[in-house]
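entry37.cif follows; it contains mmCIF, C-alpha atoms.
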data_query
loop_
_atom_site.label_atom_id
_atom_site.label_comp_id
_atom_site.auth_asym_id
_atom_site.auth_seq_id
_atom_site.Cartn_x
_atom_site.Cartn_y
_atom_site.Cartn_z
CA MET A 12 15.23 11.21 17.63
CA LYS A 13 18.95 10.78 16.92
CA LEU A 14 20.19 11.84 13.52
CA SER A 15 21.62 8.36 12.93
CA ALA A 16 18.20 6.80 13.50
CA LEU A 17 16.54 9.34 11.21
CA ALA A 18 19.10 8.62 8.49
CA GLU A 19 18.45 4.89 8.85
CA ILE A 20 14.69 5.42 8.54
CA ASN A 21 15.14 7.56 5.43
CA ARG A 22 17.38 4.91 3.81
CA GLU A 23 14.79 2.20 4.39
CA ARG A 24 11.92 4.34 3.14
CA ALA A 25 13.85 5.34 0.02
CA ALA A 26 14.33 1.65 -0.71
CA ARG A 27 10.59 0.95 -0.15
CA ARG A 28 11.35 -1.21 2.86
CA PRO A 29 9.07 -0.90 5.91
CA VAL A 30 10.51 0.25 9.21
CA ILE A 31 9.10 0.69 12.71
CA VAL A 32 10.37 3.03 15.42
CA VAL A 33 9.73 1.64 18.91
CA THR A 34 9.58 4.32 21.61
CA ASP A 35 9.38 3.57 25.32
CA ILE A 36 6.88 6.19 26.50
CA GLY A 37 8.16 5.93 30.05
CA ASN A 38 11.79 6.83 29.46
CA GLY A 39 11.92 7.97 25.84
CA ASP A 40 14.28 5.22 24.67
CA GLN A 41 13.97 4.51 20.96
CA ARG A 42 15.10 1.84 18.56
CA VAL A 43 14.58 1.26 14.85
CA VAL A 44 13.34 -2.13 13.66
CA LYS A 45 13.91 -2.88 9.97
CA ALA A 46 11.95 -5.47 8.01
CA ALA A 47 14.99 -7.73 7.80
CA ASP A 48 15.17 -7.87 11.61
CA LEU A 49 11.47 -8.32 12.28
CA ALA A 50 11.45 -12.12 12.56
CA GLY A 51 14.02 -12.12 15.35
CA ASP A 52 12.60 -9.23 17.35
CA PRO A 53 11.09 -10.00 20.78
CA LEU A 54 8.06 -7.86 19.83
CA ARG A 55 7.64 -9.50 16.43
CA ALA A 56 3.95 -10.42 16.93
CA GLU A 57 2.92 -6.84 17.77
CA LEU A 58 5.25 -5.36 15.18
CA ASP A 59 3.93 -7.68 12.48
CA LYS A 60 0.32 -6.84 13.37
CA HIS A 61 0.88 -3.08 13.18
CA LEU A 62 2.93 -3.38 10.02
CA ARG A 63 0.22 -5.41 8.27
CA MET A 64 -2.38 -2.83 9.22
CA GLY A 65 -0.08 0.02 8.25
CA LYS A 66 -0.96 1.87 11.44
CA SER A 67 1.04 3.31 14.30
CA GLY A 68 -0.20 2.78 17.84
CA THR A 69 0.49 2.15 21.52
CA VAL A 70 1.00 -1.29 23.06
CA GLU A 71 1.70 -2.41 26.61
CA ILE A 72 4.35 -5.10 27.07
CA ASP A 73 5.44 -6.33 30.53
CA GLY A 74 4.11 -3.18 32.15
CA ARG A 75 5.83 -0.85 29.70
CA LYS A 76 3.92 1.39 27.30
CA LEU A 77 5.51 1.48 23.87
CA PHE A 78 4.59 3.57 20.86
CA LEU A 79 5.09 1.82 17.52
CA ASN A 80 5.59 4.36 14.74
CA VAL A 81 5.05 2.50 11.46
CA TYR A 82 6.58 3.64 8.19
CA ALA A 83 5.17 1.41 5.44
CA PRO A 84 5.64 2.00 1.71
CA THR A 85 2.64 3.08 -0.33
CA ALA A 86 1.12 -0.03 -1.89
CA LYS A 87 1.20 -0.28 -5.68
CA LEU A 88 -1.16 -2.04 -8.06
CA VAL A 89 0.04 -3.08 -11.50
CA ILE A 90 -2.80 -4.01 -13.85
CA VAL A 91 -1.91 -5.80 -17.07
CA GLY A 92 -4.83 -5.28 -19.42
CA ALA A 93 -6.72 -2.05 -20.12
CA VAL A 94 -10.10 -3.82 -20.15
CA HIS A 95 -13.52 -3.02 -18.68
CA ILE A 96 -12.63 -4.63 -15.35
CA SER A 97 -9.53 -2.45 -15.19
CA GLN A 98 -11.61 0.68 -15.76
CA ALA A 99 -13.51 -0.15 -12.57
CA LEU A 100 -10.51 -1.53 -10.69
CA ALA A 101 -8.10 1.39 -11.20
CA PRO A 102 -10.22 4.13 -9.55
CA LEU A 103 -11.28 1.76 -6.78
CA ALA A 104 -7.65 0.96 -5.98
CA ARG A 105 -6.73 4.65 -6.09
CA SER A 106 -9.51 5.44 -3.63
CA LEU A 107 -7.87 2.93 -1.27
CA GLY A 108 -4.52 4.68 -1.52
CA TYR A 109 -2.76 2.51 -4.10
CA ASP A 110 -0.45 3.89 -6.77
CA VAL A 111 -1.90 2.36 -9.95
CA THR A 112 -0.22 1.54 -13.26
CA VAL A 113 -2.01 0.01 -16.24
CA VAL A 114 0.02 -1.85 -18.87
CA ASP A 115 -1.36 -2.87 -22.26
CA PRO A 116 0.35 -2.79 -25.67
CA ARG A 117 -3.00 -2.25 -27.36
CA THR A 118 -3.20 1.51 -27.69
CA ALA A 119 -6.90 1.37 -28.55
CA PHE A 120 -7.48 0.09 -25.00
CA ALA A 121 -4.72 1.92 -23.10
CA SER A 122 -5.97 5.44 -23.74
CA PRO A 123 -6.12 8.41 -21.35
CA GLU A 124 -9.81 8.81 -22.15
CA ARG A 125 -10.55 5.36 -20.74
CA PHE A 126 -8.14 5.72 -17.80
CA PRO A 127 -8.02 9.32 -16.58
CA ASP A 128 -5.49 10.13 -13.86
CA VAL A 129 -3.84 6.69 -14.12
CA VAL A 130 -0.30 5.91 -15.26
CA LEU A 131 -0.59 4.14 -18.62
CA ILE A 132 2.16 2.20 -20.37
CA ALA A 133 1.27 1.11 -23.90
CA GLU A 134 4.08 -1.44 -24.22
CA TRP A 135 4.44 -5.21 -24.11
CA PRO A 136 5.05 -6.61 -20.59
CA ASP A 137 8.69 -7.52 -21.20
CA ILE A 138 9.40 -3.85 -21.91
CA ALA A 139 6.94 -2.19 -19.54
CA LEU A 140 7.33 -4.22 -16.35
CA PRO A 141 11.09 -4.27 -15.46
CA PRO A 142 11.32 -0.49 -14.92
CA LEU A 143 8.36 -0.60 -12.51
CA ASN A 144 10.49 -2.30 -9.82
CA ILE A 145 7.74 -4.60 -8.59
CA ASP A 146 8.38 -5.28 -4.91
CA HIS A 147 6.81 -6.74 -1.77
CA TYR A 148 4.32 -3.87 -1.55
CA THR A 149 3.02 -4.44 -5.07
CA ALA A 150 -0.16 -6.25 -6.07
CA PHE A 151 -0.17 -7.60 -9.63
CA VAL A 152 -3.17 -8.58 -11.74
CA ALA A 153 -3.34 -9.91 -15.31
CA VAL A 154 -6.75 -9.51 -16.90
CA THR A 155 -6.35 -9.38 -20.71
CA HIS A 156 -7.43 -13.02 -21.25
CA ASP A 157 -4.74 -13.04 -23.98
CA PRO A 158 -1.85 -15.48 -23.32
CA LYS A 159 0.46 -13.40 -25.52
CA ILE A 160 0.15 -10.59 -22.97
CA ASP A 161 -0.78 -12.28 -19.69
CA ASP A 162 1.78 -15.11 -19.78
CA PRO A 163 4.92 -12.92 -20.09
CA ALA A 164 3.47 -10.62 -17.43
CA LEU A 165 2.88 -13.52 -15.02
CA LEU A 166 6.39 -14.84 -15.68
CA HIS A 167 7.72 -11.48 -14.52
CA ALA A 168 5.38 -11.39 -11.52
CA VAL A 169 6.33 -14.81 -10.13
CA GLU A 170 9.99 -13.84 -10.27
CA SER A 171 9.26 -10.87 -8.01
CA ASP A 172 8.38 -10.55 -4.32
CA CYS A 173 4.96 -8.97 -4.90
CA PHE A 174 2.47 -9.76 -2.15
CA TYR A 175 -0.38 -10.64 -4.51
CA ILE A 176 -0.69 -12.10 -8.00
CA GLY A 177 -4.08 -12.61 -9.63
CA ALA A 178 -5.13 -13.72 -13.11
CA LEU A 179 -8.51 -13.59 -14.81
CA GLY A 180 -10.04 -16.83 -16.05
CA SER A 181 -11.94 -19.95 -15.05
CA ARG A 182 -10.33 -22.93 -13.33
CA LYS A 183 -10.12 -24.66 -16.70
CA THR A 184 -8.48 -21.63 -18.26
CA HIS A 185 -6.03 -21.40 -15.39
CA ALA A 186 -5.13 -25.09 -15.62
CA THR A 187 -4.20 -24.57 -19.27
CA ARG A 188 -2.30 -21.43 -18.31
CA ALA A 189 -0.44 -23.34 -15.58
CA ASP A 190 0.67 -25.94 -18.13
CA ARG A 191 2.05 -23.19 -20.36
CA LEU A 192 3.91 -21.59 -17.45
CA LYS A 193 5.33 -24.94 -16.34
CA ALA A 194 6.62 -25.48 -19.86
CA GLN A 195 8.55 -22.22 -19.43
CA GLY A 196 10.12 -23.36 -16.18
CA VAL A 197 7.75 -21.96 -13.58
CA SER A 198 7.63 -24.11 -10.43
CA GLU A 199 4.51 -25.53 -8.82
CA ALA A 200 5.16 -23.30 -5.80
CA ASP A 201 5.18 -20.16 -7.94
CA ILE A 202 2.08 -21.20 -9.86
CA ALA A 203 0.35 -21.71 -6.51
CA ARG A 204 0.99 -18.03 -5.75
CA ILE A 205 -1.36 -17.02 -8.58
CA HIS A 206 -4.94 -16.38 -7.42
CA ALA A 207 -7.13 -17.76 -10.18
CA PRO A 208 -10.02 -17.43 -10.67
CA ILE A 209 -9.17 -13.94 -9.51
CA GLY A 210 -10.95 -12.27 -6.59
CA LEU A 211 -13.00 -13.47 -3.65
CA GLU A 212 -16.03 -15.59 -4.44
CA ILE A 213 -18.87 -13.11 -3.93
CA GLY A 214 -20.94 -13.97 -6.98
CA ALA A 215 -19.52 -11.04 -8.95
CA ILE A 216 -20.82 -10.65 -12.50
CA SER A 217 -20.32 -7.09 -13.74
CA PRO A 218 -16.88 -5.48 -14.22
CA SER A 219 -17.50 -3.29 -11.18
CA GLU A 220 -18.44 -6.26 -8.99
CA ILE A 221 -15.39 -8.20 -10.19
CA ALA A 222 -13.24 -5.18 -9.33
CA VAL A 223 -14.67 -5.21 -5.80
CA ALA A 224 -13.91 -8.95 -5.50
CA ILE A 225 -10.33 -8.39 -6.68
CA MET A 226 -9.67 -5.52 -4.28
CA ALA A 227 -11.21 -7.49 -1.42
CA GLU A 228 -8.82 -10.36 -2.09
CA ILE A 229 -5.85 -8.01 -2.41
CA THR A 230 -6.80 -6.31 0.87
CA ALA A 231 -7.07 -9.65 2.66
CA GLN A 232 -3.66 -10.65 1.36
CA LEU A 233 -2.13 -7.38 2.52
CA ARG A 234 -3.82 -7.00 5.91
CA LEU A 235 -4.58 -10.48 7.30
CA PRO A 236 -2.07 -12.92 8.79
CA LYS A 237 -0.80 -15.27 6.08
CA ALA A 238 -2.73 -18.31 7.33
CA SER A 239 -5.97 -16.34 7.26
CA ALA A 240 -5.35 -14.74 3.87
CA ALA A 241 -4.48 -17.95 2.02
#

Please express the file's structure as structure tokens.
Amino acid sequence: MKLSALAEINRERAARRPVIVVTDIGNGDQRVVKAADLAGDPLRAELDKHLRMGKSGTVEIDGRKLFLNVYAPTAKLVIVGAVHISQALAPLARSLGYDVTVVDPRTAFASPERFPDVVLIAEWPDIALPPLNIDHYTAFVAVTHDPKIDDPALLHAVESDCFYIGALGSRKTHATRADRLKAQGVSEADIARIHAPIGLEIGAISPSEIAVAIMAEITAQLRLPKASAA
């Protein structure tokens, strides 16, 4: 690999932007495809598929064998609310390879004893969230059930490019929440990005089951084509 290509890859990875190196196995030719150029690439369908799955692999196009080397950022999960659901959700997400951060200003909830081996920030969302640099490879969930905490957190989330936003609560609760967010200038399109009630409908009751439903929905949003994940 040329040094210029390696430098380009390192720049993209440092900025948490995905990049794919396409190598022609037959002649060794290589090119670097950045996320910004993906939509216009002739191999966009195959590149998009491998990028969504986060896996490198070989494809055959017009009789040529190509190796797609995928460099995707580590996915992050930001949980607002150090509640029982979060205690089940955090280790589950970590087992799936996510970097997990839990935010809750209530120090009685956000304690290392309740969340071992997890980054805890015992601050209000307006202080805690901006330094986290929420990006396209971040999933965001708000589960405190307290508008004083969840609403500012969701306002920050909808202004970001995170791939998933979820909020705990019934449809009635979410309708009331949506009215509050609209009153603060949030558009219908951004409110539609919020998955609420949170998680796939699997009949979940316990905190652990709800955590499974949430991670299943996050996984679908990350891995499936957009039409399938909606």

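If you measure from each of A:Leu140, A:Ala56, A:Ala101, A:Ala93 to Ser122 (chain A) using all atoms listed in the file, the closest one turns out to be A:Ala93.
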
Can you work out which one of A:Ala189, A:Ala200, A:Leu88, A:Leu14 has the shortest atom-to-atom distance to Ala104 (chain A), counting all atoms listed in the file?
->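 Looking at the shortest contact to Ala104 (chain A), the residue is A:Leu88.
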
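Using only C-alpha atoms, the smallest distance between any of A:Ala227, A:Leu131, A:Ala178, A:Cys173 and Ala86 (chain A) comes from A:Cys173.
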
Distance of CA of Ala26 (chain A) from CA of Pro136 (chain A), expressed in Å to one decimal place = 23.4 Å

Quick one: pull the distance between CA of Asn21 (chain A) and CA of Met64 (chain A), Å, one decimal.
->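 Value for the CA of Asn21 (chain A)-CA of Met64 (chain A) distance: 20.7 Å.
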
From CA of Ala25 (chain A) to CA of Lys237 (chain A) the spacing works out at 26.0 Å

Output region 139-153 of chain A with N, CA, C and O atoms present, as a short mmCIF file (atom, residue, chain, number, x, y, z; two decimals), keeping the file's coordinate frame.
data_model
loop_
_atom_site.label_atom_id
_atom_site.label_comp_id
_atom_site.auth_asym_id
_atom_site.auth_seq_id
_atom_site.Cartn_x
_atom_site.Cartn_y
_atom_site.Cartn_z
N ALA A 139 7.58 -3.09 -20.51
CA ALA A 139 6.94 -2.19 -19.54
C ALA A 139 7.23 -2.54 -18.09
O ALA A 139 7.36 -1.64 -17.24
N LEU A 140 7.32 -3.82 -17.76
CA LEU A 140 7.33 -4.22 -16.35
C LEU A 140 8.68 -4.04 -15.64
O LEU A 140 8.69 -3.59 -14.49
N PRO A 141 9.83 -4.39 -16.23
CA PRO A 141 11.09 -4.27 -15.46
C PRO A 141 11.33 -2.90 -14.85
O PRO A 141 11.74 -2.81 -13.67
N PRO A 142 11.06 -1.79 -15.55
CA PRO A 142 11.32 -0.49 -14.92
C PRO A 142 10.40 -0.16 -13.75
O PRO A 142 10.67 0.80 -13.00
N LEU A 143 9.31 -0.91 -13.58
CA LEU A 143 8.36 -0.60 -12.51
C LEU A 143 8.86 -1.05 -11.14
O LEU A 143 8.28 -0.68 -10.12
N ASN A 144 9.91 -1.85 -11.11
CA ASN A 144 10.49 -2.30 -9.82
C ASN A 144 9.43 -2.89 -8.90
O ASN A 144 9.22 -2.43 -7.77
N ILE A 145 8.77 -3.92 -9.38
CA ILE A 145 7.74 -4.60 -8.59
C ILE A 145 8.37 -5.18 -7.34
O ILE A 145 9.36 -5.90 -7.40
N ASP A 146 7.78 -4.87 -6.17
CA ASP A 146 8.38 -5.28 -4.91
C ASP A 146 7.33 -5.88 -3.99
O ASP A 146 6.21 -6.17 -4.41
N HIS A 147 7.69 -6.06 -2.72
CA HIS A 147 6.81 -6.74 -1.77
C HIS A 147 5.53 -5.97 -1.50
O HIS A 147 4.53 -6.54 -1.06
N TYR A 148 5.52 -4.68 -1.77
CA TYR A 148 4.32 -3.87 -1.55
C TYR A 148 3.57 -3.60 -2.86
O TYR A 148 2.89 -2.60 -2.99
N THR A 149 3.70 -4.54 -3.80
CA THR A 149 3.02 -4.44 -5.07
C THR A 149 2.03 -5.59 -5.24
O THR A 149 2.37 -6.75 -4.99
N ALA A 150 0.82 -5.25 -5.65
CA ALA A 150 -0.16 -6.25 -6.07
C ALA A 150 -0.18 -6.25 -7.60
O ALA A 150 -0.09 -5.19 -8.23
N PHE A 151 -0.31 -7.44 -8.18
CA PHE A 151 -0.17 -7.60 -9.63
C PHE A 151 -1.36 -8.39 -10.16
O PHE A 151 -1.66 -9.47 -9.66
N VAL A 152 -2.05 -7.85 -11.15
CA VAL A 152 -3.17 -8.58 -11.74
C VAL A 152 -3.03 -8.59 -13.26
O VAL A 152 -2.63 -7.60 -13.87
N ALA A 153 -3.37 -9.74 -13.85
CA ALA A 153 -3.34 -9.91 -15.31
C ALA A 153 -4.75 -10.24 -15.76
O ALA A 153 -5.31 -11.27 -15.38
#
